[in-house]
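Colleague: Structure provided below as structure tokens; questions to follow.
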Amino acid sequence: MKRFRILALLLPMLWTAGCENDENGGVPYFESDYSVENPIRFEPQGGSAEKVQEVRVVVRSNVCWTITSDAEEWCTVYPATGKDEGRFYVTAQVQDQPYPRSCSLTARDGGGNVVATIPVNQGAPAKRLEIGEPEITVSADGDDIFIAVDTNVDWGAELVDAADAAWVTLGKPDLEADQLSVSVTPYSGDRQARIRIYALDEPSLEQTVTLIQTSVLALPDFTTLDVVPHNTLVTLRNVSFAVPLGTLYNLTLAGFECDLTIRDDKGNTFTVRTRDSDGFKHAQNILFGDYNLTGSIDRSGSTPALRLRSEADMVKIAAESYRSIAEWYGDKSAVSDTGWSVAKGSGTATFGVKINSAGADVKSSFARRDCTKAYAADNTYWGPSLKSWDGSGQYYKFTVSTAGISEDIYLSLWTLSFSSSVAELKVEWAESPDAATWTDCGVVLTQNNAANGTSNEYFLGTYSVRAPGAQNRETVCFRVSKASDKRADGKTSVISTTGPNYMCYFGVFALNE
């Protein structure tokens, strides 16, 4: 063992000695396209999803050489050694801070002599200070909320017309989490205050948030939501999530909207939305059963939604508007080559094509089983991924019994397609998996396209479907299949034989009446 340790210590010295004595003759030289006169320049990449920038440097030399960086924490070189002609790569970490930075690369020959110095300059992105919502509605009962600030500068906050806004207390700006805590005292009427958020070193870079305090409109169901104006603060009572798994934000990506489907105790559906916020996106798991949800009605997009403000807006209650008949979800082991093990209740699931359950045909939902732990392969739910949607024989089939159940049957799905896969799915039922005639549930599920990657809307979508007539059946099979030949990416070309759709949850429920 001691002999190997000595050899390991000698190898670098032997390599250096070899380089010193192995020149090609003539005048030693080391050249590249970069020099003190022509530094390596990395342009600003503010807002880019890329984490690093890279430059390839071609070397023309007749000596052994080594390259070192004097700022290894953000600028590295690989490979750091070479001989004669060759190349190396300079990698710089993308920075979000609005300040340029620089370092130097030093090239030395085999004898340790400096043969070149190459400056590296990295430009700075523009200063950024943005807020998610210009208007925030708070409860007449008083409220404690957080305002998320998207910024790359140090910032402060103050009340505009502070003398008229004594009912608002601002916390100290949290420059680590980039959020501002705000406390509001109770009030029986309507009133407003304005909060100015500004960059400390450039006060003209600012945003203003209008705080609106108003009475909360309590709604027992979704039937009257159409007449509720934008930005009205409401409480929706006895609401359940169509898919009772994961958290409000089921992605590993950051900075995107979250859209989840909720349903009231009459089967009506609506959308819950919340911006990515470290304060509460993973604050609690979504559980089976009912909630009272408080938030403001958001009609700014194509789909109206209830926008939550913090985890305090989700209040779990004892009621259960639906009861579970069968649910499919779990880890990778729940999915086999031809079927999917039921997780709750009793039932079977089969596929229209054999899958590779040990490989790429089992997909992650990105939903955390335990919200207190980071996303990981063993802290999420998995489901089957089916290809070959170009034909007519592709499907998921779920068989259960609804015997003795007189209430309406509702289905929950958690699914998406990749760009070249199917864009629209239909849900049908029959009294046998091999039936010749199927009853259509009357809805088309427009699939989100995972390749777009701009919003949670394009990842796993949650759906609620009523199955009319499916109650009180000794055996009932639900089939999810292609509704049209449209592709998820909207292209006019045909659906690919390798384009997958995947489903991480399927549930069959009876409405409690």
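Letters A, B, ... go to the chains of the structure tokens in the order shown; residues in each chain start at 1; ligands are counted from 1 in the same order.
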Env of Thr235 in chain A: 6 Å cut, atoms = only C-alpha atoms, seq-sep filter 6 positions within chain, self excluded. Answer as a ChimeraX atom specification.
Modeller: /A:218,293-294
Colleague: For Gln97 in chain A, find every residue with an atom within 9 Å (counting only C-alpha atoms), except residues of its own chain fewer than 5 positions away, and show them as a list in words.
Modeller: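 In the requested form, the answer reads Gly46, Ala124, Pro125, Ala126, Lys127, Asn152 and Val153 of chain A.
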Colleague: Take the residues that were just selected and, keeping C-alpha atoms, output them as an mmCIF file, in the first residue's frame.
Modeller:
```
data_model
loop_
_atom_site.group_PDB
_atom_site.id
_atom_site.type_symbol
_atom_site.label_atom_id
_atom_site.label_comp_id
_atom_site.auth_asym_id
_atom_site.auth_seq_id
_atom_site.Cartn_x
_atom_site.Cartn_y
_atom_site.Cartn_z
ATOM 1 C CA GLY A 46 -30.489 36.897 -17.518
ATOM 2 C CA ALA A 124 -24.227 41.196 -16.183
ATOM 3 C CA PRO A 125 -27.967 40.771 -16.810
ATOM 4 C CA ALA A 126 -30.185 43.802 -16.417
ATOM 5 C CA LYS A 127 -31.501 44.678 -13.002
ATOM 6 C CA ASN A 152 -31.850 40.138 -8.630
ATOM 7 C CA VAL A 153 -31.168 43.246 -6.517
#
```
Colleague: Check the smallest atom-to-atom distance from each of A:Thr271, A:Ser421, A:Gln284, A:Gln93 to Tyr249 in chain A using only C-alpha atoms, then report the winner.
Modeller: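 Residue with the minimum atom-to-atom distance to Tyr249 in chain A: A:Gln284.
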Colleague: Using DSSP on the backbone coordinates, identify all residues within range 94-323 of chain A classified as strand (DSSP E or B); present the result as a ChimeraX atom specification.
Modeller: /A:101-109,114-122,129-131,135-139,143-151,155-160,168-170,174,179-184,191-199,202-214,217-219,233-241,257-263,269-275,291-298,305-307,314-316,322-323
Colleague: I'd like the neighbourhood of range 231-233 of chain A as a list in words, where a residue qualifies if any of its atoms comes within 7 Å (using only C-alpha atoms), though same-chain residues fewer than 4 positions away should be ignored.
Modeller: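 The filter keeps Thr137, Val216, Leu217, Gly295, Ser296, Ile297 and Asp298 of chain A.
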Colleague: May I ask which of the residues A:Phe366, A:Phe288, A:Tyr329, A:Trp155 is the closest one to Leu251 in chain A, counting only C-alpha atoms?
Modeller: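 Among the listed residues, the smallest separation from Leu251 in chain A belongs to A:Phe366.
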Colleague: Skip Ala377 in chain A itself and residues of its chain fewer than 3 positions away, then list as a ChimeraX atom specification all residues within 10 Å of it, counting only C-alpha atoms.
Modeller: /A:331-332,364-366,368,374,380-382
Colleague: Need to verify the contact set: Asp164 in chain A, 10 Å, only C-alpha atoms, exclusion of same-chain residues closer than 4 positions in sequence. Can you return it as number ranges by chain?
Modeller: A: 159-160, 168, 192-194
Colleague: Those selected residues, please, written with N, CA and C atoms and delivered as a CSV table (one decimal), in the first residue's frame.
Modeller:
```csv
chain,number,residue,atom,x,y,z
A,159,LEU,N,-44.9,51.8,2.8
A,159,LEU,CA,-46.3,52.2,2.5
A,159,LEU,C,-46.3,53.5,1.8
A,160,VAL,N,-47.1,53.6,0.8
A,160,VAL,CA,-47.4,54.9,0.2
A,160,VAL,C,-48.5,55.6,1.0
A,168,VAL,N,-52.1,48.6,8.0
A,168,VAL,CA,-51.2,47.7,7.3
A,168,VAL,C,-49.8,47.7,8.0
A,192,GLN,N,-58.4,50.6,0.9
A,192,GLN,CA,-57.2,50.2,0.1
A,192,GLN,C,-56.0,50.9,0.7
A,193,ALA,N,-54.8,50.2,0.4
A,193,ALA,CA,-53.5,50.8,0.7
A,193,ALA,C,-52.6,50.4,-0.4
A,194,ARG,N,-51.5,51.2,-0.6
A,194,ARG,CA,-50.5,50.9,-1.6
A,194,ARG,C,-49.2,50.7,-1.0
```
Colleague: Compile the contact shell of Val59 in chain A as an MDAnalysis selection string: residues with an atom at most 10 Å away, counting only C-alpha atoms, same-chain residues fewer than 2 positions apart removed.
Modeller: chainID A and resid 30:34 56:57 61:62 65 82:88
Colleague: With a distance cut-off of 7 Å and only C-alpha atoms, select the neighbouring residues of range 341-355 of chain A, excluding the residue or stretch itself and same-chain residues fewer than 3 positions from it, and output the selection as number ranges by chain.
Modeller: A: 325-330, 334-335, 337-338, 361, 386, 393-400
Colleague: Would you give me, as JSON lines, each residue of range 139-229 of chain A having an atom within 12 Å of an atom of range 307-316 of chain A, along with its shortest atom pair and that distance in Å to one decimal, using only C-alpha atoms and sorting by chain and residue number?
Modeller:
```
{"residue": "A:Ser139", "atom": "CA", "partner": "A:Asp313", "partner_atom": "CA", "distance": 10.7}
{"residue": "A:Asp143", "atom": "CA", "partner": "A:Ala312", "partner_atom": "CA", "distance": 9.5}
{"residue": "A:Asp144", "atom": "CA", "partner": "A:Ser310", "partner_atom": "CA", "distance": 8.8}
{"residue": "A:Ile145", "atom": "CA", "partner": "A:Ser310", "partner_atom": "CA", "distance": 6.6}
{"residue": "A:Phe146", "atom": "CA", "partner": "A:Ser310", "partner_atom": "CA", "distance": 7.3}
{"residue": "A:Ile147", "atom": "CA", "partner": "A:Arg309", "partner_atom": "CA", "distance": 8.6}
{"residue": "A:Ala148", "atom": "CA", "partner": "A:Arg309", "partner_atom": "CA", "distance": 9.9}
{"residue": "A:Ser181", "atom": "CA", "partner": "A:Ser310", "partner_atom": "CA", "distance": 11.0}
{"residue": "A:Val182", "atom": "CA", "partner": "A:Arg309", "partner_atom": "CA", "distance": 11.7}
```
Colleague: Using DSSP assignments from the backbone, pull out every residue in range 279-359 of chain A that falls under helix (DSSP H, G or I) and give it to me as a VMD selection string.
Modeller: chain A and resid 311 to 313 332 to 334
Colleague: Those residues with N, CA and C atoms, as a CSV table (one decimal), in the first residue's frame please?
Modeller:
```
chain,number,residue,atom,x,y,z
A,311,GLU,N,-50.7,29.2,2.3
A,311,GLU,CA,-51.2,27.9,2.7
A,311,GLU,C,-52.4,28.0,3.7
A,312,ALA,N,-52.5,29.2,4.3
A,312,ALA,CA,-53.6,29.4,5.2
A,312,ALA,C,-55.0,29.5,4.4
A,313,ASP,N,-54.9,29.6,3.1
A,313,ASP,CA,-56.1,29.7,2.3
A,313,ASP,C,-56.7,28.3,2.1
A,332,LYS,N,-43.1,2.7,-8.9
A,332,LYS,CA,-42.8,2.0,-10.1
A,332,LYS,C,-43.3,0.6,-10.1
A,333,SER,N,-43.2,0.0,-8.9
A,333,SER,CA,-43.6,-1.4,-8.7
A,333,SER,C,-45.1,-1.7,-9.0
A,334,ALA,N,-45.9,-0.6,-8.9
A,334,ALA,CA,-47.4,-0.8,-9.1
A,334,ALA,C,-47.7,-1.0,-10.6
```
